[in-house]
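Single-structure report; data block below.
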Amino acid sequence: MSTPTLATKLSVPPRRADWVLRPRLIRQLDQGMERRLTLVSAPAGFGKTTLLASWLHALGDRPQPGPRVSWLSLEEDDNDPVRFMAHFISALQIIDPALGQRVRPFLDTPFVPELTNLMTMLINDLAQFSGVSLLALDDYHVIRNPELQSAVSFFLEHLPPHSHLILATREEPQLPLPRLRARWQVTELRLHDLRFTREETATFLNCTMGLELTEEAARALEDHTEGWIAGLQMAALSLRGRFAFEPNDDEKPIDIHAIDAVGDGQREIIDYLGAEVVRQQTSEIRDFLRTTAILDRFNASLCNAVTGRNDGVAMLDRLERANLFLIPLDHQRQWYRYHHLFADFLRTETDEIERRLLHSRASHWFEQHSLMSEAIKHALSACDYDNAVRLIRRGAEVWNCDGGFGTLLGWVNALPEEIVKAHSDLLVHKGWIPYLRGELQTAEQYAALAVERQRPDDSPIHKGMLLGFRAHLAINRDEPLQAQRFAEEALELLGDTESFYRTVALSHLGKAQRLVGDRQAAIQTLRQAISLGQRLKHHLITLEALGYLTHLLYQQGHLREAIISCEEAARRYIDARGRPLPVAGMVYVPLGMLYYEINDLQRAEYHLTTGIDLCRRMGTVYPTLIGQRTLAKLYFAFGRLEAVWETLAEARELASRSQNPRRTRLVNSVTAELQLRQGHISAAAMTLRDLPACNRDRSEQENITYARLLLAQGQSDAALRLLGQLEKSALRQGRQGSLITVYLLQAIAHQHMHNDTDAVRCIERSVCMAAPEGYRRTFLDEGSSAETLLASRNHIAPDFVPGLLEAFAVTSSGLTGRSVQPLVDPLSRTQLAILRLVADGLSNRDIAAQVHITEGTTKWHLNQIYGKLNVNSRTQAVARARSLDLL
C-alpha cells in the first residue's frame, strides 16, 4: 500500500506579517546558497523554522529568478524508512514532478529497500534537473534511525553542484561536518547567530507581541532570556496576562521587575512561564489546550472529536490571534500543531486515565477518516490493544496486497508481546520479523507458538495464513513434503475466497510440488497462482510464482513459452517513463537467465544486473541468489573473471545468511562448474564435498555438476550410471530441457570411452531436442568436448548447429585472462588487495590507510585470509597465494 503523503508536511510555513526583520541572518542564508549545505542548529525555541520560512518566502518575492524550493517538516514517525522516503520524494517532486518517479515504486514492496541505492537514484534525477534546487528539512533532530542518517549523509555528499540542502535541527547531526568545513561546503547558523539581539528583542516585544516596554525593561527581559525567542514569547504572554483576549484601555504600565522572578535556566523558564501562560487563560482555553496537546497535528474536526466540544474552529482562531504557540501547517490554515516545548508542557497537565481516553477518541476519528496508521498509533497510545488488534487485522489484507508488508510488521511489532502471543494470526506476522532478519529459529518458535494459541473459532483466513507461513518455513528448511501438506490444508480452509493468503498458499504449494518431483502438478498449480494473483492484483506473489514456473518450463523444454511469458510480464510492470518497477525484478532475473540460454548475452546481462539490483532492494533473497549464479556464468563467458568471483562471493554470503543449506549448495554447484571449466578438478571436488551421498537427495543441477566432476576425474563409467538415472527421471516427468543436457553429457562420456556410435546417438538426440526451442549455452558451456561432437553434425539441424560452431569460435577467443581462484571459499576483492599489500611488507595500519578501512577490520580480513588459505602467518599466506597464482 502506497504510503500516504501528508501535504501539510510539504508546505513552507506561512510568513508572519509581524515577523522581526533579521537582515544579518538573511545575508548569511543568501551566501549559503553558494555551498552544498546550510545548517541551522540551535535548541528549541530559537526561531529556526520562522527564519527559514520567512527567507524562503522572501526569495519568491525577488525580481530575479530564484531556486526551486521544497520543504519537509519531519517528526518522530519519519524514522520509519518507508515513510521518510515517501515524504522525501514528495518534497523533491515539488521541485520537479519527474524527480523520484522511478524510486517511489520501491516503497510499495514488502521489504525496506537499501536507502543508499534509492538515494543514488534520486541524486541522478537531481543531476538531470537543469535549474537550481533547494530542499529544506525542518526538525531534522527527530531522525534517530542510523540507516536514515547514513542515507541523508550519502545524499548530501553526492549532491549535484546546482542543488542545495538546508537542515534545521536542535542537535548536532550525524554528518561529515569536518570534511564539509574543510572544503568550504557548509554555512552554519548556530545558537549565538539565532539569539535575538537587543534591537531585535525590543522589536519583537513591542511590535510582534504588542507590549509597550521601555528600553530598560526590554533589555532586562532580553538579559533574562539571553535572546531565547520562545522564552521571550512566553514571558511576553505572561506579562500580557489577562489582557491577551480582553484588551484593557486602562491598563497600567507593566511592572517590569516582575521578570526578575524568572530563573536563569531554560528548563526553569519553560516551567515557570508555561505555567504562567496557561494559568492566565480562561478555564475554557486551558481545557482545550490540555486535551488537544496529545495530538501531533490537528484540525477543527479532530479537536472537536477529542475535546467532546463543537467549538474547534472558533478556538483555533482565538489561539492563533493570541499568538499562543499555535503553528499553522498549511496556507489554508486548516491544520495546526503546537510549539513542541509548549506541547510538552501541556501534556504534563493530563493524568494517565485522561490521556488514554483522549488517545482513544483520536484513534476513532482517524479510523473514520481512513487514516489507519494514525488510528493504530493512537490506539496503542491509549493502551487500547483490542482496538489496535482490530485495526491491524482490518488493514492486513490491504497492506499485503499493496506491498505494505513492512508497515504491517511494524505495527505488530509495536504491540506488547503478551498481546501478540494471545492471537495466532499476530504470532504469524510477528514471526516474519525474525525470519526476514535471518533468525530462523526465532521464526520457527513464533510459528510453533501460533499453533498452540490457535482456537477452534479462529477464522479460516487466520488458520490459512498460519498454514501458509508454516509451508514457507518448511520449504526454507528443505522439507517439501511437509510444506505441500501445509499448503494443501491452507487452500482447503481458504476455499474460493479472494484472500491474499490463498494466492500465497497456491504459490507455496507449487514450489513444494516442484521440490518433491511432481513437476506437472507444480506447473498447473503455479499457473493457477499466477491467474488468481493477476486477477486480485497480488503482484509480488504473482511474479514470484511466475519465476518458479519459468524454471519449470525451461526444464520441460518449453524455452520459448517461458521467454514470452516473462517478456509479457516485464512489459506490464513499468513506470510512466518505461522503466521497470521494483517488483519487475522478480521477472527480470528469470528473463535474463533465459536470454543467457539462447546466447543473447547483451540482453542477458542487462536483465540480470537490473533484476538483481531490483530484487536486492526489495530484500527478496532467492531471486537475487539465482540471478547471481547465472550472472557469474555470464561474466565467465565474457572472460571477466574478477567479476565472476566477486559475484559468487556475494551469492555465497547471501546464501549463508538465509540458513538454508539448499541455497548454499546452489552456489557451490555453479562454483564447481566454473572451477571444472578452468581445470581445477581438486578444488571442484572440495566445493562439492558437502553434497548428499544419495543422488535422490540432490537437486538435478547438483547431479549434473557431479556428473561433470566424474567425467573430469576420468570416471566415465560412474558418470554414465548417474546420467542414466537422471535420464530415466527426466523421461518419466517429460523434462525435455533436462534431457538436452543429460544426452550431451552422455555423448561426452562415450566420447571419452571411444564409444563413437553411442556418442553420435546421444549428441543427435540432444541437438534434435535443443534446436526447435533454441537451447544454446547448454552446448557452449561444455567447451571443446561439445564442439568436437558437433563439428560434423550440421545435417542434424542445419539452421542450428552452424550457428553454435560459430559461437564456439567467438567464445574461445574471448576467454582470456586470469583463471578463477582455485579455492573452495575464494578471496574477495578487498582480501586480494590486502594480500598484495601484505606481500609488499606493509603493516596493518598502513594497509588500513591504503584500503580505507579501520585497522580492526584489516585484522579481521587477515584472519579470513588465513582460514581460506589454510595458513597461520603472513609469510605462509604470501607463499600459498603465490603457489595458487593469486599474486
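Naming scheme: A, B, ... for chains in displayed order of the C-alpha cells; residues 1 onward per chain; ligands 1 onward as shown.
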
Strand (DSSP E) per DSSP on the backbone: members of segment 73-147 of chain A, as JSON, numbers by chain:
{"A": [73, 133, 134, 135, 136, 137, 138]}

Residues near Leu324 of chain A, cut-off 9 Å, only C-alpha atoms, skip fewer than 5 positions along chain, as a list in words:
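Those residues are Gln233, Met234, Leu237, Val277, Arg318, Leu319, Tyr338 and His339 of chain A.
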
Dump as a short mmCIF file (atom, residue, chain, number, x, y, z; two decimals), in the first residue's frame, selection limited to N, CA and C atoms:
data_model
loop_
_atom_site.label_atom_id
_atom_site.label_comp_id
_atom_site.auth_asym_id
_atom_site.auth_seq_id
_atom_site.Cartn_x
_atom_site.Cartn_y
_atom_site.Cartn_z
N GLN A 233 8.78 34.92 24.12
CA GLN A 233 7.37 34.86 23.78
C GLN A 233 6.53 34.50 25.01
N MET A 234 6.99 33.50 25.75
CA MET A 234 6.24 33.10 26.94
C MET A 234 6.27 34.20 28.00
N LEU A 237 3.76 36.79 26.94
CA LEU A 237 2.40 36.34 27.21
C LEU A 237 2.07 36.43 28.70
N VAL A 277 1.61 31.24 31.46
CA VAL A 277 0.79 31.44 30.26
C VAL A 277 -0.53 30.68 30.38
N ARG A 318 -9.06 31.79 17.92
CA ARG A 318 -8.67 32.58 19.09
C ARG A 318 -7.22 32.33 19.46
N LEU A 319 -6.82 31.09 19.45
CA LEU A 319 -5.43 30.77 19.82
C LEU A 319 -4.45 31.38 18.83
N TYR A 338 1.05 22.54 17.95
CA TYR A 338 1.59 23.42 18.98
C TYR A 338 3.11 23.44 18.89
N HIS A 339 3.69 24.53 19.37
CA HIS A 339 5.14 24.56 19.53
C HIS A 339 5.52 23.36 20.40
#

Could you build a table of the residues in segment 437-536 of chain A lying no more than 8 Å from segment 422-426 of chain A, giving for each the nearest pair of atoms and their separation in Å rounded to one decimal place, using only C-alpha atoms, ordered by chain and ascending residue number, as a tab-separated table?
residue	atom	partner	partner_atom	distance
A:Leu449	CA	A:Ser424	CA	7.7
A:Ala450	CA	A:Ser424	CA	4.3
A:Val451	CA	A:Ser424	CA	6.9
A:Arg453	CA	A:Ser424	CA	5.5
A:Gln454	CA	A:Ser424	CA	5.4
A:His462	CA	A:Asp425	CA	5.5
A:Lys463	CA	A:Asp425	CA	7.7
A:Met465	CA	A:Asp425	CA	7.2
A:Leu466	CA	A:Asp425	CA	6.7

Expected file contents, prior selection, all heavy atoms, as a JSON list (two decimals), in the first residue's frame:
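Result file is out-v3.json:
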[["chain", "number", "residue", "atom", "x", "y", "z"],
["A", 449, "LEU", "N", 4.37, -21.42, 18.49],
["A", 449, "LEU", "CA", 3.50, -20.79, 19.48],
["A", 449, "LEU", "C", 2.14, -20.46, 18.87],
["A", 449, "LEU", "O", 1.10, -20.57, 19.53],
["A", 449, "LEU", "CB", 4.17, -19.53, 20.02],
["A", 449, "LEU", "CG", 3.56, -18.91, 21.28],
["A", 449, "LEU", "CD1", 3.53, -19.92, 22.42],
["A", 449, "LEU", "CD2", 4.38, -17.68, 21.70],
["A", 450, "ALA", "N", 2.14, -20.07, 17.59],
["A", 450, "ALA", "CA", 0.88, -19.77, 16.90],
["A", 450, "ALA", "C", 0.01, -21.02, 16.81],
["A", 450, "ALA", "O", -1.22, -20.94, 16.94],
["A", 450, "ALA", "CB", 1.16, -19.22, 15.50],
["A", 451, "VAL", "N", 0.63, -22.16, 16.59],
["A", 451, "VAL", "CA", -0.12, -23.41, 16.54],
["A", 451, "VAL", "C", -0.76, -23.69, 17.91],
["A", 451, "VAL", "O", -1.93, -24.09, 18.01],
["A", 451, "VAL", "CB", 0.79, -24.57, 16.12],
["A", 451, "VAL", "CG1", 0.05, -25.91, 16.22],
["A", 451, "VAL", "CG2", 1.30, -24.37, 14.70],
["A", 453, "ARG", "N", -1.58, -21.49, 20.17],
["A", 453, "ARG", "CA", -2.58, -20.48, 20.52],
["A", 453, "ARG", "C", -3.82, -20.54, 19.62],
["A", 453, "ARG", "O", -4.78, -19.81, 19.84],
["A", 453, "ARG", "CB", -1.96, -19.07, 20.41],
["A", 453, "ARG", "CG", -0.87, -18.79, 21.41],
["A", 453, "ARG", "CD", -1.44, -18.67, 22.82],
["A", 453, "ARG", "NE", -0.45, -18.18, 23.74],
["A", 453, "ARG", "CZ", 0.40, -18.94, 24.44],
["A", 453, "ARG", "NH1", 0.35, -20.26, 24.27],
["A", 453, "ARG", "NH2", 1.27, -18.41, 25.27],
["A", 454, "GLN", "N", -3.77, -21.38, 18.60],
["A", 454, "GLN", "CA", -4.89, -21.43, 17.67],
["A", 454, "GLN", "C", -6.15, -21.92, 18.40],
["A", 454, "GLN", "O", -6.11, -22.86, 19.20],
["A", 454, "GLN", "CB", -4.56, -22.37, 16.52],
["A", 454, "GLN", "CG", -5.31, -22.05, 15.24],
["A", 454, "GLN", "CD", -4.74, -22.82, 14.07],
["A", 454, "GLN", "OE1", -4.30, -23.95, 14.21],
["A", 454, "GLN", "NE2", -4.75, -22.21, 12.89],
["A", 462, "HIS", "N", -7.35, -16.76, 9.08],
["A", 462, "HIS", "CA", -6.26, -16.80, 10.05],
["A", 462, "HIS", "C", -5.59, -18.17, 10.08],
["A", 462, "HIS", "O", -4.36, -18.28, 10.16],
["A", 462, "HIS", "CB", -6.77, -16.43, 11.44],
["A", 462, "HIS", "CG", -7.14, -14.99, 11.56],
["A", 462, "HIS", "ND1", -7.83, -14.48, 12.65],
["A", 462, "HIS", "CD2", -6.94, -13.94, 10.73],
["A", 462, "HIS", "CE1", -8.02, -13.18, 12.48],
["A", 462, "HIS", "NE2", -7.49, -12.84, 11.32],
["A", 463, "LYS", "N", -6.40, -19.23, 10.02],
["A", 463, "LYS", "CA", -5.84, -20.57, 10.01],
["A", 463, "LYS", "C", -5.04, -20.80, 8.72],
["A", 463, "LYS", "O", -3.96, -21.40, 8.75],
["A", 463, "LYS", "CB", -6.95, -21.60, 10.13],
["A", 463, "LYS", "CG", -7.65, -21.60, 11.49],
["A", 463, "LYS", "CD", -8.79, -22.63, 11.52],
["A", 463, "LYS", "CE", -9.51, -22.62, 12.88],
["A", 463, "LYS", "NZ", -10.64, -23.58, 12.90],
["A", 465, "MET", "N", -3.60, -18.52, 6.91],
["A", 465, "MET", "CA", -2.40, -17.71, 6.96],
["A", 465, "MET", "C", -1.29, -18.44, 7.72],
["A", 465, "MET", "O", -0.13, -18.46, 7.30],
["A", 465, "MET", "CB", -2.72, -16.38, 7.64],
["A", 465, "MET", "CG", -1.54, -15.45, 7.79],
["A", 465, "MET", "SD", -2.01, -13.85, 8.47],
["A", 465, "MET", "CE", -2.59, -14.35, 10.10],
["A", 466, "LEU", "N", -1.65, -19.05, 8.86],
["A", 466, "LEU", "CA", -0.67, -19.78, 9.65],
["A", 466, "LEU", "C", -0.11, -20.96, 8.86],
["A", 466, "LEU", "O", 1.10, -21.20, 8.85],
["A", 466, "LEU", "CB", -1.30, -20.25, 10.96],
["A", 466, "LEU", "CG", -0.46, -21.20, 11.82],
["A", 466, "LEU", "CD1", 0.89, -20.58, 12.15],
["A", 466, "LEU", "CD2", -1.22, -21.55, 13.10]]

Identify which of the residues A:Asn145, A:Ser130, A:Ser682, A:Gln174 lies closest to Asp77 of chain A, counting only C-alpha atoms when measuring atom-to-atom distances.
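Counting only C-alpha atoms, the residue closest to Asp77 of chain A is A:Asn145.
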
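In this model, the gap between atom CA of Tyr501 of chain A and atom CA of Glu367 of chain A comes to 24.6 Å.
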
Considering only C-alpha atoms, can you say which of A:Ala604, A:Asn413, A:Asn117, A:Ser656 comes closest to Phe154 of chain A?
A:Asn117

Which polymer residues have any atom within 12 Å of an atom of Arg882 of chain A, counting only C-alpha atoms, with same-chain residues fewer than 4 positions away left out, as number ranges by chain?
A: 821, 832, 835-836, 839, 869, 875-878, 886-887

Output file for the residues above (N, CA, C and O atoms, as an mmCIF file, in the first residue's frame):
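So result_3.cif came out as:
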data_model
loop_
_atom_site.group_PDB
_atom_site.id
_atom_site.type_symbol
_atom_site.label_atom_id
_atom_site.label_comp_id
_atom_site.auth_asym_id
_atom_site.auth_seq_id
_atom_site.Cartn_x
_atom_site.Cartn_y
_atom_site.Cartn_z
ATOM 1 N N GLN A 821 39.750 -18.292 -9.142
ATOM 2 C CA GLN A 821 40.514 -18.722 -7.973
ATOM 3 C C GLN A 821 40.235 -20.193 -7.659
ATOM 4 O O GLN A 821 39.085 -20.578 -7.502
ATOM 5 N N LEU A 832 41.956 -9.739 -1.567
ATOM 6 C CA LEU A 832 43.069 -9.823 -2.520
ATOM 7 C C LEU A 832 43.942 -8.578 -2.447
ATOM 8 O O LEU A 832 45.176 -8.658 -2.497
ATOM 9 N N LEU A 835 46.018 -8.816 0.650
ATOM 10 C CA LEU A 835 47.062 -9.824 0.488
ATOM 11 C C LEU A 835 48.233 -9.274 -0.322
ATOM 12 O O LEU A 835 49.402 -9.543 -0.017
ATOM 13 N N ARG A 836 47.923 -8.494 -1.349
ATOM 14 C CA ARG A 836 49.003 -7.902 -2.157
ATOM 15 C C ARG A 836 49.822 -6.912 -1.335
ATOM 16 O O ARG A 836 51.039 -6.828 -1.476
ATOM 17 N N ALA A 839 52.082 -8.793 0.909
ATOM 18 C CA ALA A 839 53.259 -9.241 0.151
ATOM 19 C C ALA A 839 54.260 -8.114 -0.036
ATOM 20 O O ALA A 839 55.469 -8.357 -0.133
ATOM 21 N N LEU A 869 43.120 -19.778 3.081
ATOM 22 C CA LEU A 869 44.351 -20.343 2.524
ATOM 23 C C LEU A 869 44.901 -21.487 3.366
ATOM 24 O O LEU A 869 45.891 -22.120 2.991
ATOM 25 N N THR A 875 53.716 -14.804 6.261
ATOM 26 C CA THR A 875 54.678 -15.422 5.340
ATOM 27 C C THR A 875 54.057 -16.618 4.635
ATOM 28 O O THR A 875 54.175 -16.783 3.415
ATOM 29 N N GLN A 876 53.353 -17.458 5.406
ATOM 30 C CA GLN A 876 52.708 -18.621 4.807
ATOM 31 C C GLN A 876 51.612 -18.195 3.826
ATOM 32 O O GLN A 876 51.424 -18.825 2.778
ATOM 33 N N ALA A 877 50.877 -17.138 4.163
ATOM 34 C CA ALA A 877 49.800 -16.667 3.291
ATOM 35 C C ALA A 877 50.342 -16.213 1.951
ATOM 36 O O ALA A 877 49.783 -16.541 0.894
ATOM 37 N N VAL A 878 51.445 -15.454 1.982
ATOM 38 C CA VAL A 878 52.038 -14.960 0.730
ATOM 39 C C VAL A 878 52.546 -16.128 -0.102
ATOM 40 O O VAL A 878 52.330 -16.192 -1.321
ATOM 41 N N LEU A 886 47.704 -16.347 -7.184
ATOM 42 C CA LEU A 886 46.811 -15.263 -6.770
ATOM 43 C C LEU A 886 47.536 -13.933 -6.699
ATOM 44 O O LEU A 886 46.906 -12.885 -6.605
ATOM 45 N N LEU A 887 48.869 -13.965 -6.706
ATOM 46 C CA LEU A 887 49.665 -12.732 -6.633
ATOM 47 C C LEU A 887 50.502 -12.603 -7.897
ATOM 48 O O LEU A 887 51.002 -13.618 -8.407
#

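Among the candidates A:His364, A:Arg880, A:Arg777, A:Arg68, the residue lying nearest to Ile94 of chain A is A:Arg68 (atoms considered: only C-alpha atoms).
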
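By chain and then residue number, the residues within 10 Å of segment 549-551 of chain A are A:Ser507, A:Gly510, A:Lys511, A:Arg514, A:Arg519, A:Ala522, A:Ile523, A:Gln524, A:Thr525, A:Leu526, A:Arg527, A:Ile530, A:Leu543, A:Glu544, A:Ala545, A:Gln555, A:Gln556, A:His558, A:Leu559, A:Glu561, A:Ala562, A:Ile563, A:Ser565, A:Cys566, A:Val587, A:Pro590, A:Leu591, A:Met593, A:Leu594, counting only C-alpha atoms and disregarding those fewer than 4 positions away in sequence.
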
Prev. selection, N, CA, C and O atoms, output as a CSV table (one decimal), in the first residue's frame:
chain,number,residue,atom,x,y,z
A,507,SER,N,1.1,-20.5,-4.4
A,507,SER,CA,2.5,-20.4,-4.8
A,507,SER,C,3.4,-21.3,-4.0
A,507,SER,O,4.2,-22.0,-4.6
A,510,GLY,N,2.9,-24.9,-5.2
A,510,GLY,CA,3.6,-25.2,-6.5
A,510,GLY,C,5.1,-25.4,-6.3
A,510,GLY,O,5.7,-26.3,-6.9
A,511,LYS,N,5.7,-24.6,-5.3
A,511,LYS,CA,7.1,-24.7,-5.0
A,511,LYS,C,7.4,-26.1,-4.4
A,511,LYS,O,8.3,-26.8,-4.8
A,514,ARG,N,7.2,-28.9,-6.9
A,514,ARG,CA,8.4,-29.0,-7.7
A,514,ARG,C,9.5,-29.7,-7.0
A,514,ARG,O,10.3,-30.5,-7.5
A,519,ARG,N,6.4,-32.3,-11.1
A,519,ARG,CA,6.6,-31.1,-11.8
A,519,ARG,C,5.3,-30.7,-12.6
A,519,ARG,O,5.0,-29.6,-12.8
A,522,ALA,N,3.1,-29.2,-10.3
A,522,ALA,CA,3.7,-27.9,-9.9
A,522,ALA,C,3.3,-26.8,-11.0
A,522,ALA,O,3.0,-25.7,-10.7
A,523,ILE,N,3.5,-27.2,-12.2
A,523,ILE,CA,3.2,-26.3,-13.3
A,523,ILE,C,1.7,-25.8,-13.3
A,523,ILE,O,1.4,-24.6,-13.4
A,524,GLN,N,0.9,-26.8,-13.1
A,524,GLN,CA,-0.6,-26.5,-13.1
A,524,GLN,C,-0.9,-25.6,-11.9
A,524,GLN,O,-1.6,-24.6,-12.0
A,525,THR,N,-0.3,-25.9,-10.7
A,525,THR,CA,-0.6,-25.1,-9.5
A,525,THR,C,-0.1,-23.7,-9.7
A,525,THR,O,-0.7,-22.7,-9.3
A,526,LEU,N,1.1,-23.5,-10.2
A,526,LEU,CA,1.7,-22.2,-10.4
A,526,LEU,C,1.0,-21.4,-11.4
A,526,LEU,O,0.8,-20.2,-11.2
A,527,ARG,N,0.4,-22.0,-12.4
A,527,ARG,CA,-0.4,-21.3,-13.4
A,527,ARG,C,-1.7,-20.8,-12.7
A,527,ARG,O,-2.1,-19.6,-12.9
A,530,ILE,N,-0.7,-17.8,-10.5
A,530,ILE,CA,-0.5,-16.6,-11.4
A,530,ILE,C,-1.8,-16.0,-11.8
A,530,ILE,O,-2.0,-14.8,-11.8
A,543,LEU,N,4.4,-12.6,-9.4
A,543,LEU,CA,5.7,-12.6,-10.1
A,543,LEU,C,6.6,-13.7,-9.5
A,543,LEU,O,7.4,-14.3,-10.3
A,544,GLU,N,6.5,-13.9,-8.2
A,544,GLU,CA,7.3,-14.9,-7.6
A,544,GLU,C,6.9,-16.3,-8.2
A,544,GLU,O,7.8,-17.1,-8.5
A,545,ALA,N,5.6,-16.5,-8.3
A,545,ALA,CA,5.1,-17.8,-8.9
A,545,ALA,C,5.6,-17.9,-10.3
A,545,ALA,O,5.9,-19.0,-10.8
A,555,GLN,N,13.0,-26.4,-17.8
A,555,GLN,CA,13.4,-27.8,-17.7
A,555,GLN,C,12.5,-28.7,-18.5
A,555,GLN,O,13.0,-29.8,-18.9
A,556,GLN,N,11.3,-28.4,-18.7
A,556,GLN,CA,10.4,-29.2,-19.5
A,556,GLN,C,10.7,-29.1,-21.0
A,556,GLN,O,10.1,-29.8,-21.8
A,558,HIS,N,10.3,-26.1,-22.7
A,558,HIS,CA,9.4,-25.0,-23.3
A,558,HIS,C,10.1,-23.7,-23.1
A,558,HIS,O,9.6,-22.7,-22.5
A,559,LEU,N,11.3,-23.5,-23.7
A,559,LEU,CA,12.1,-22.3,-23.6
A,559,LEU,C,11.4,-21.1,-24.1
A,559,LEU,O,11.3,-20.0,-23.5
A,561,GLU,N,8.1,-20.5,-24.7
A,561,GLU,CA,7.0,-20.1,-23.9
A,561,GLU,C,7.4,-19.4,-22.7
A,561,GLU,O,6.8,-18.4,-22.3
A,562,ALA,N,8.5,-19.9,-22.0
A,562,ALA,CA,9.0,-19.2,-20.8
A,562,ALA,C,9.4,-17.8,-21.1
A,562,ALA,O,9.1,-16.8,-20.4
A,563,ILE,N,10.1,-17.6,-22.3
A,563,ILE,CA,10.6,-16.3,-22.6
A,563,ILE,C,9.4,-15.3,-22.9
A,563,ILE,O,9.4,-14.2,-22.4
A,565,SER,N,6.3,-15.5,-21.8
A,565,SER,CA,5.6,-15.2,-20.5
A,565,SER,C,6.4,-14.1,-19.7
A,565,SER,O,5.7,-13.2,-19.2
A,566,CYS,N,7.7,-14.3,-19.7
A,566,CYS,CA,8.4,-13.3,-18.9
A,566,CYS,C,8.4,-11.9,-19.6
A,566,CYS,O,8.3,-10.9,-18.9
A,587,VAL,N,10.8,-10.9,-12.3
A,587,VAL,CA,10.7,-11.5,-13.7
A,587,VAL,C,11.9,-11.1,-14.5
A,587,VAL,O,12.2,-11.9,-15.5
A,590,PRO,N,14.6,-14.2,-14.1
A,590,PRO,CA,14.4,-15.4,-14.9
A,590,PRO,C,14.5,-15.0,-16.4
A,590,PRO,O,15.0,-15.9,-17.2
A,591,LEU,N,14.1,-13.8,-16.8
A,591,LEU,CA,14.2,-13.5,-18.2
A,591,LEU,C,15.7,-13.4,-18.6
A,591,LEU,O,16.1,-13.8,-19.7
A,593,MET,N,18.1,-15.1,-17.3
A,593,MET,CA,18.6,-16.5,-17.4
A,593,MET,C,18.2,-17.1,-18.7
A,593,MET,O,19.0,-17.9,-19.3
A,594,LEU,N,17.0,-16.8,-19.2
A,594,LEU,CA,16.6,-17.4,-20.4
A,594,LEU,C,17.3,-16.8,-21.6
A,594,LEU,O,17.7,-17.5,-22.6

Please list as a PDB file with N, CA and C atoms, in the first residue's frame every residue within 7 Å of Ser301 of chain A, counting only C-alpha atoms and excluding residues in the same chain fewer than 3 positions away.
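Ended up saving to result.pdb:
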ATOM      1  N   ASN A 304     -12.632  18.760  17.881  1.00  0.00           N
ATOM      2  CA  ASN A 304     -13.977  18.524  18.409  1.00  0.00           C
ATOM      3  C   ASN A 304     -14.143  17.085  18.884  1.00  0.00           C
ATOM      4  N   ALA A 305     -13.596  16.151  18.096  1.00  0.00           N
ATOM      5  CA  ALA A 305     -13.724  14.744  18.460  1.00  0.00           C
ATOM      6  C   ALA A 305     -12.997  14.444  19.769  1.00  0.00           C
ATOM      7  N   GLY A 312     -14.239  23.885  17.805  1.00  0.00           N
ATOM      8  CA  GLY A 312     -12.872  23.777  17.319  1.00  0.00           C
ATOM      9  C   GLY A 312     -12.454  24.928  16.428  1.00  0.00           C
TER      10      GLY A 312
END

Counting only C-alpha atoms, what is within 9 Å of Thr201 of chain A, bar same-chain residues fewer than 5 positions away, as a PyMOL selection string?
chain A and resi 20+196+206+218-219+221-222+227+229+232

Between A:Arg22, A:His87, A:Arg579, A:Arg689, which residue has the minimum interatomic distance to Ser73 of chain A, considering only C-alpha atoms?
A:His87
